[in-house]
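Here's the structure, in structure tokens; my notes come after.
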Amino acid sequence: ARRAVAKMEMPRTIWRYLARNTTLEPQIRMQAQLALSRVPREASPSAIKNRCIVTGRGRGVFNQWKMCRYEFRMRALNGDLPGVDKGMW
């Protein structure tokens with residue numbers, strides 16, 4: 001899905017601009033809207049799902065480390081992540 005999004009990013013942006021530009025003729029806007037509707041669904045930016053790079057888990061993923069919370073915790077406790085300490089208060 002990430003490749004499809006990257007590939008269709010520029011045409012999709014152009015078609016969205018043309019479809020929303022109210023100064024253009026309605027026929028041009030309609031053609032842009034039709035072209036936008038023909039874009040595959042997997043090319044939508046909302047189709048990208050963050051996944052854990054270790055386990056492939058799709059839930060509870062920390063963006064900064066690209067790991068799920070369980071793997072993050074295990075690696076932090078082992079000292080594999082620099083700059084991450086166990087919290088104490």
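Please note that chains go A, B, ... in the order of the structure tokens, that every chain numbers its residues from 1, and that ligands are numbered from 1 in the order shown.
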Write out as a ChimeraX atom specification the residues lying within 10 Å of Arg3 of chain A, counting only C-alpha atoms and excluding same-chain residues fewer than 6 positions away. /A:9,42-43,48
Run DSSP on the backbone and give me the residues of segment 5-83 of chain A it puts in strand (DSSP E or B), as a ChimeraX atom specification. /A:61-62,67-68
Next, the residues of the selection above should be written as a PDB file, in the first residue's frame with N, CA, C and O atoms.
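File out-v7.pdb, as written:
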ATOM      1  N   VAL A  61       1.505   0.244  18.324  1.00  0.00           N
ATOM      2  CA  VAL A  61       2.824   0.479  17.739  1.00  0.00           C
ATOM      3  C   VAL A  61       3.274   1.901  18.068  1.00  0.00           C
ATOM      4  O   VAL A  61       2.543   2.864  17.820  1.00  0.00           O
ATOM      5  N   PHE A  62       4.475   2.030  18.638  1.00  0.00           N
ATOM      6  CA  PHE A  62       5.061   3.342  18.902  1.00  0.00           C
ATOM      7  C   PHE A  62       5.727   3.835  17.625  1.00  0.00           C
ATOM      8  O   PHE A  62       6.591   3.153  17.065  1.00  0.00           O
ATOM      9  N   MET A  67       7.904  -0.168  16.889  1.00  0.00           N
ATOM     10  CA  MET A  67       7.754  -1.444  17.592  1.00  0.00           C
ATOM     11  C   MET A  67       6.466  -1.436  18.393  1.00  0.00           C
ATOM     12  O   MET A  67       6.036  -0.389  18.873  1.00  0.00           O
ATOM     13  N   CYS A  68       5.896  -2.634  18.554  1.00  0.00           N
ATOM     14  CA  CYS A  68       4.706  -2.734  19.401  1.00  0.00           C
ATOM     15  C   CYS A  68       5.130  -2.561  20.860  1.00  0.00           C
ATOM     16  O   CYS A  68       6.304  -2.681  21.201  1.00  0.00           O
TER      17      CYS A  68
END
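Minimum atom-to-atom distance to Lys7 of chain A, evaluated using only C-alpha atoms, belongs to A:Pro40 out of A:Ala35, A:Trp65, A:Arg73, A:Pro40.
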Once DSSP has gone over the backbone, tell me which residues of chain A are in helix (DSSP H, G or I), as a PDB file with N, CA, C and O atoms, in the first residue's frame.
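Output file states_19.pdb follows:
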ATOM      1  N   ARG A   2       2.026   1.189   0.662  1.00  0.00           N
ATOM      2  CA  ARG A   2       2.885   2.382   0.711  1.00  0.00           C
ATOM      3  C   ARG A   2       3.411   2.745  -0.676  1.00  0.00           C
ATOM      4  O   ARG A   2       3.523   3.925  -1.012  1.00  0.00           O
ATOM      5  N   ARG A   3       3.734   1.743  -1.485  1.00  0.00           N
ATOM      6  CA  ARG A   3       4.219   2.027  -2.849  1.00  0.00           C
ATOM      7  C   ARG A   3       3.114   2.636  -3.697  1.00  0.00           C
ATOM      8  O   ARG A   3       3.359   3.557  -4.484  1.00  0.00           O
ATOM      9  N   ALA A   4       1.908   2.111  -3.558  1.00  0.00           N
ATOM     10  CA  ALA A   4       0.785   2.635  -4.333  1.00  0.00           C
ATOM     11  C   ALA A   4       0.484   4.082  -3.935  1.00  0.00           C
ATOM     12  O   ALA A   4       0.191   4.919  -4.793  1.00  0.00           O
ATOM     13  N   VAL A   5       0.564   4.377  -2.649  1.00  0.00           N
ATOM     14  CA  VAL A   5       0.329   5.747  -2.183  1.00  0.00           C
ATOM     15  C   VAL A   5       1.400   6.677  -2.733  1.00  0.00           C
ATOM     16  O   VAL A   5       1.102   7.775  -3.216  1.00  0.00           O
ATOM     17  N   ALA A   6       2.655   6.248  -2.672  1.00  0.00           N
ATOM     18  CA  ALA A   6       3.749   7.083  -3.168  1.00  0.00           C
ATOM     19  C   ALA A   6       3.629   7.307  -4.675  1.00  0.00           C
ATOM     20  O   ALA A   6       3.899   8.407  -5.175  1.00  0.00           O
ATOM     21  N   LYS A   7       3.212   6.269  -5.397  1.00  0.00           N
ATOM     22  CA  LYS A   7       3.100   6.358  -6.850  1.00  0.00           C
ATOM     23  C   LYS A   7       1.975   7.315  -7.273  1.00  0.00           C
ATOM     24  O   LYS A   7       2.114   8.074  -8.224  1.00  0.00           O
ATOM     25  N   MET A   8       0.859   7.289  -6.554  1.00  0.00           N
ATOM     26  CA  MET A   8      -0.314   8.074  -6.941  1.00  0.00           C
ATOM     27  C   MET A   8      -0.443   9.399  -6.190  1.00  0.00           C
ATOM     28  O   MET A   8      -1.447  10.088  -6.335  1.00  0.00           O
ATOM     29  N   GLU A   9       0.568   9.761  -5.412  1.00  0.00           N
ATOM     30  CA  GLU A   9       0.453  10.966  -4.588  1.00  0.00           C
ATOM     31  C   GLU A   9       0.283  12.238  -5.426  1.00  0.00           C
ATOM     32  O   GLU A   9      -0.619  13.037  -5.171  1.00  0.00           O
ATOM     33  N   MET A  10       1.127  12.429  -6.410  1.00  0.00           N
ATOM     34  CA  MET A  10       1.068  13.655  -7.204  1.00  0.00           C
ATOM     35  C   MET A  10      -0.203  13.729  -8.062  1.00  0.00           C
ATOM     36  O   MET A  10      -0.899  14.756  -8.030  1.00  0.00           O
ATOM     37  N   PRO A  11      -0.544  12.676  -8.843  1.00  0.00           N
ATOM     38  CA  PRO A  11      -1.800  12.777  -9.612  1.00  0.00           C
ATOM     39  C   PRO A  11      -3.023  12.973  -8.719  1.00  0.00           C
ATOM     40  O   PRO A  11      -3.927  13.742  -9.046  1.00  0.00           O
ATOM     41  N   ARG A  12      -3.027  12.305  -7.579  1.00  0.00           N
ATOM     42  CA  ARG A  12      -4.155  12.432  -6.663  1.00  0.00           C
ATOM     43  C   ARG A  12      -4.276  13.871  -6.139  1.00  0.00           C
ATOM     44  O   ARG A  12      -5.379  14.416  -6.063  1.00  0.00           O
ATOM     45  N   THR A  13      -3.145  14.492  -5.818  1.00  0.00           N
ATOM     46  CA  THR A  13      -3.150  15.868  -5.333  1.00  0.00           C
ATOM     47  C   THR A  13      -3.659  16.824  -6.412  1.00  0.00           C
ATOM     48  O   THR A  13      -4.454  17.730  -6.132  1.00  0.00           O
ATOM     49  N   ILE A  14      -3.227  16.613  -7.640  1.00  0.00           N
ATOM     50  CA  ILE A  14      -3.662  17.466  -8.756  1.00  0.00           C
ATOM     51  C   ILE A  14      -5.157  17.319  -8.983  1.00  0.00           C
ATOM     52  O   ILE A  14      -5.877  18.315  -9.134  1.00  0.00           O
ATOM     53  N   TRP A  15      -5.651  16.080  -9.016  1.00  0.00           N
ATOM     54  CA  TRP A  15      -7.081  15.857  -9.244  1.00  0.00           C
ATOM     55  C   TRP A  15      -7.924  16.434  -8.116  1.00  0.00           C
ATOM     56  O   TRP A  15      -8.995  16.977  -8.351  1.00  0.00           O
ATOM     57  N   ARG A  16      -7.442  16.321  -6.886  1.00  0.00           N
ATOM     58  CA  ARG A  16      -8.186  16.897  -5.758  1.00  0.00           C
ATOM     59  C   ARG A  16      -8.253  18.416  -5.884  1.00  0.00           C
ATOM     60  O   ARG A  16      -9.294  19.026  -5.623  1.00  0.00           O
ATOM     61  N   TYR A  17      -7.147  19.035  -6.282  1.00  0.00           N
ATOM     62  CA  TYR A  17      -7.131  20.494  -6.457  1.00  0.00           C
ATOM     63  C   TYR A  17      -8.111  20.909  -7.549  1.00  0.00           C
ATOM     64  O   TYR A  17      -8.880  21.860  -7.383  1.00  0.00           O
ATOM     65  N   LEU A  18      -8.068  20.200  -8.676  1.00  0.00           N
ATOM     66  CA  LEU A  18      -8.952  20.544  -9.788  1.00  0.00           C
ATOM     67  C   LEU A  18     -10.421  20.333  -9.418  1.00  0.00           C
ATOM     68  O   LEU A  18     -11.280  21.124  -9.796  1.00  0.00           O
ATOM     69  N   ALA A  19     -10.706  19.269  -8.695  1.00  0.00           N
ATOM     70  CA  ALA A  19     -12.096  18.980  -8.337  1.00  0.00           C
ATOM     71  C   ALA A  19     -12.647  19.993  -7.339  1.00  0.00           C
ATOM     72  O   ALA A  19     -13.849  20.270  -7.332  1.00  0.00           O
ATOM     73  N   ARG A  20     -11.801  20.576  -6.523  1.00  0.00           N
ATOM     74  CA  ARG A  20     -12.263  21.503  -5.488  1.00  0.00           C
ATOM     75  C   ARG A  20     -12.161  22.974  -5.896  1.00  0.00           C
ATOM     76  O   ARG A  20     -12.648  23.842  -5.173  1.00  0.00           O
ATOM     77  N   PRO A  26     -17.469  23.604 -14.564  1.00  0.00           N
ATOM     78  CA  PRO A  26     -18.010  22.391 -13.934  1.00  0.00           C
ATOM     79  C   PRO A  26     -17.619  21.100 -14.656  1.00  0.00           C
ATOM     80  O   PRO A  26     -17.433  20.061 -14.021  1.00  0.00           O
ATOM     81  N   GLN A  27     -17.474  21.186 -15.975  1.00  0.00           N
ATOM     82  CA  GLN A  27     -17.113  19.976 -16.732  1.00  0.00           C
ATOM     83  C   GLN A  27     -15.700  19.507 -16.376  1.00  0.00           C
ATOM     84  O   GLN A  27     -15.461  18.310 -16.194  1.00  0.00           O
ATOM     85  N   ILE A  28     -14.777  20.438 -16.242  1.00  0.00           N
ATOM     86  CA  ILE A  28     -13.401  20.084 -15.868  1.00  0.00           C
ATOM     87  C   ILE A  28     -13.371  19.519 -14.455  1.00  0.00           C
ATOM     88  O   ILE A  28     -12.696  18.528 -14.181  1.00  0.00           O
ATOM     89  N   ARG A  29     -14.133  20.143 -13.558  1.00  0.00           N
ATOM     90  CA  ARG A  29     -14.190  19.653 -12.180  1.00  0.00           C
ATOM     91  C   ARG A  29     -14.776  18.249 -12.127  1.00  0.00           C
ATOM     92  O   ARG A  29     -14.307  17.404 -11.360  1.00  0.00           O
ATOM     93  N   MET A  30     -15.790  17.986 -12.943  1.00  0.00           N
ATOM     94  CA  MET A  30     -16.411  16.662 -12.973  1.00  0.00           C
ATOM     95  C   MET A  30     -15.435  15.614 -13.504  1.00  0.00           C
ATOM     96  O   MET A  30     -15.363  14.502 -12.990  1.00  0.00           O
ATOM     97  N   GLN A  31     -14.668  15.966 -14.541  1.00  0.00           N
ATOM     98  CA  GLN A  31     -13.670  15.035 -15.077  1.00  0.00           C
ATOM     99  C   GLN A  31     -12.605  14.719 -14.036  1.00  0.00           C
ATOM    100  O   GLN A  31     -12.166  13.567 -13.898  1.00  0.00           O
ATOM    101  N   ALA A  32     -12.191  15.726 -13.287  1.00  0.00           N
ATOM    102  CA  ALA A  32     -11.203  15.504 -12.221  1.00  0.00           C
ATOM    103  C   ALA A  32     -11.785  14.616 -11.133  1.00  0.00           C
ATOM    104  O   ALA A  32     -11.093  13.739 -10.598  1.00  0.00           O
ATOM    105  N   GLN A  33     -13.049  14.813 -10.809  1.00  0.00           N
ATOM    106  CA  GLN A  33     -13.696  13.979  -9.793  1.00  0.00           C
ATOM    107  C   GLN A  33     -13.800  12.531 -10.263  1.00  0.00           C
ATOM    108  O   GLN A  33     -13.582  11.595  -9.483  1.00  0.00           O
ATOM    109  N   LEU A  34     -14.102  12.329 -11.540  1.00  0.00           N
ATOM    110  CA  LEU A  34     -14.165  10.966 -12.087  1.00  0.00           C
ATOM    111  C   LEU A  34     -12.790  10.312 -12.084  1.00  0.00           C
ATOM    112  O   LEU A  34     -12.657   9.123 -11.764  1.00  0.00           O
ATOM    113  N   ALA A  35     -11.766  11.070 -12.436  1.00  0.00           N
ATOM    114  CA  ALA A  35     -10.401  10.536 -12.406  1.00  0.00           C
ATOM    115  C   ALA A  35     -10.001  10.179 -10.977  1.00  0.00           C
ATOM    116  O   ALA A  35      -9.338   9.164 -10.730  1.00  0.00           O
ATOM    117  N   LEU A  36     -10.416  10.985 -10.036  1.00  0.00           N
ATOM    118  CA  LEU A  36     -10.118  10.729  -8.625  1.00  0.00           C
ATOM    119  C   LEU A  36     -10.836   9.478  -8.133  1.00  0.00           C
ATOM    120  O   LEU A  36     -10.284   8.711  -7.342  1.00  0.00           O
ATOM    121  N   SER A  37     -12.027   9.250  -8.630  1.00  0.00           N
ATOM    122  CA  SER A  37     -12.767   8.061  -8.209  1.00  0.00           C
ATOM    123  C   SER A  37     -12.209   6.781  -8.827  1.00  0.00           C
ATOM    124  O   SER A  37     -12.473   5.691  -8.325  1.00  0.00           O
ATOM    125  N   ARG A  41      -8.283   1.938  -4.363  1.00  0.00           N
ATOM    126  CA  ARG A  41      -8.494   2.218  -2.946  1.00  0.00           C
ATOM    127  C   ARG A  41      -7.221   2.056  -2.138  1.00  0.00           C
ATOM    128  O   ARG A  41      -7.025   2.730  -1.139  1.00  0.00           O
ATOM    129  N   GLU A  42      -6.363   1.152  -2.557  1.00  0.00           N
ATOM    130  CA  GLU A  42      -5.128   0.934  -1.804  1.00  0.00           C
ATOM    131  C   GLU A  42      -4.164   2.104  -1.934  1.00  0.00           C
ATOM    132  O   GLU A  42      -3.202   2.204  -1.179  1.00  0.00           O
ATOM    133  N   ALA A  43      -4.426   3.015  -2.878  1.00  0.00           N
ATOM    134  CA  ALA A  43      -3.568   4.184  -3.051  1.00  0.00           C
ATOM    135  C   ALA A  43      -3.987   5.334  -2.149  1.00  0.00           C
ATOM    136  O   ALA A  43      -3.408   6.412  -2.215  1.00  0.00           O
ATOM    137  N   PRO A  45      -4.041   7.442   1.202  1.00  0.00           N
ATOM    138  CA  PRO A  45      -3.086   7.565   2.314  1.00  0.00           C
ATOM    139  C   PRO A  45      -3.606   6.974   3.620  1.00  0.00           C
ATOM    140  O   PRO A  45      -2.832   6.564   4.472  1.00  0.00           O
ATOM    141  N   SER A  46      -4.915   6.898   3.787  1.00  0.00           N
ATOM    142  CA  SER A  46      -5.458   6.330   5.023  1.00  0.00           C
ATOM    143  C   SER A  46      -5.345   4.807   5.038  1.00  0.00           C
ATOM    144  O   SER A  46      -5.638   4.183   6.063  1.00  0.00           O
ATOM    145  N   ALA A  47      -4.920   4.201   3.929  1.00  0.00           N
ATOM    146  CA  ALA A  47      -4.771   2.740   3.875  1.00  0.00           C
ATOM    147  C   ALA A  47      -3.472   2.274   4.524  1.00  0.00           C
ATOM    148  O   ALA A  47      -3.304   1.081   4.780  1.00  0.00           O
ATOM    149  N   ARG A  69       4.160  -2.291  21.696  1.00  0.00           N
ATOM    150  CA  ARG A  69       4.464  -1.953  23.082  1.00  0.00           C
ATOM    151  C   ARG A  69       5.148  -3.082  23.827  1.00  0.00           C
ATOM    152  O   ARG A  69       6.027  -2.851  24.658  1.00  0.00           O
ATOM    153  N   TYR A  70       4.790  -4.327  23.524  1.00  0.00           N
ATOM    154  CA  TYR A  70       5.401  -5.467  24.215  1.00  0.00           C
ATOM    155  C   TYR A  70       6.882  -5.595  23.844  1.00  0.00           C
ATOM    156  O   TYR A  70       7.746  -5.734  24.710  1.00  0.00           O
ATOM    157  N   GLU A  71       7.177  -5.541  22.546  1.00  0.00           N
ATOM    158  CA  GLU A  71       8.579  -5.631  22.103  1.00  0.00           C
ATOM    159  C   GLU A  71       9.381  -4.440  22.618  1.00  0.00           C
ATOM    160  O   GLU A  71      10.536  -4.588  23.001  1.00  0.00           O
ATOM    161  N   PHE A  72       8.764  -3.261  22.611  1.00  0.00           N
ATOM    162  CA  PHE A  72       9.443  -2.075  23.134  1.00  0.00           C
ATOM    163  C   PHE A  72       9.809  -2.280  24.595  1.00  0.00           C
ATOM    164  O   PHE A  72      10.933  -2.006  25.017  1.00  0.00           O
ATOM    165  N   ARG A  73       8.873  -2.801  25.368  1.00  0.00           N
ATOM    166  CA  ARG A  73       9.108  -3.017  26.796  1.00  0.00           C
ATOM    167  C   ARG A  73      10.226  -4.032  27.021  1.00  0.00           C
ATOM    168  O   ARG A  73      11.126  -3.823  27.839  1.00  0.00           O
ATOM    169  N   MET A  74      10.183  -5.134  26.292  1.00  0.00           N
ATOM    170  CA  MET A  74      11.200  -6.179  26.458  1.00  0.00           C
ATOM    171  C   MET A  74      12.593  -5.655  26.096  1.00  0.00           C
ATOM    172  O   MET A  74      13.568  -5.902  26.809  1.00  0.00           O
ATOM    173  N   ARG A  75      12.691  -4.938  25.001  1.00  0.00           N
ATOM    174  CA  ARG A  75      13.995  -4.420  24.571  1.00  0.00           C
ATOM    175  C   ARG A  75      14.491  -3.303  25.484  1.00  0.00           C
ATOM    176  O   ARG A  75      15.691  -3.173  25.711  1.00  0.00           O
ATOM    177  N   ALA A  76      13.554  -2.505  26.015  1.00  0.00           N
ATOM    178  CA  ALA A  76      13.954  -1.452  26.950  1.00  0.00           C
ATOM    179  C   ALA A  76      14.473  -2.064  28.249  1.00  0.00           C
ATOM    180  O   ALA A  76      15.464  -1.594  28.809  1.00  0.00           O
ATOM    181  N   LEU A  77      13.826  -3.108  28.727  1.00  0.00           N
ATOM    182  CA  LEU A  77      14.270  -3.764  29.952  1.00  0.00           C
ATOM    183  C   LEU A  77      15.621  -4.453  29.764  1.00  0.00           C
ATOM    184  O   LEU A  77      16.430  -4.531  30.692  1.00  0.00           O
ATOM    185  N   ASN A  78      15.878  -4.968  28.563  1.00  0.00           N
ATOM    186  CA  ASN A  78      17.169  -5.599  28.269  1.00  0.00           C
ATOM    187  C   ASN A  78      18.271  -4.577  28.025  1.00  0.00           C
ATOM    188  O   ASN A  78      19.443  -4.938  27.954  1.00  0.00           O
TER     189      ASN A  78
END
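The gap separating atom CA of Pro82 of chain A from atom CA of Arg59 of chain A is 23.3 Å, in Å to one decimal.
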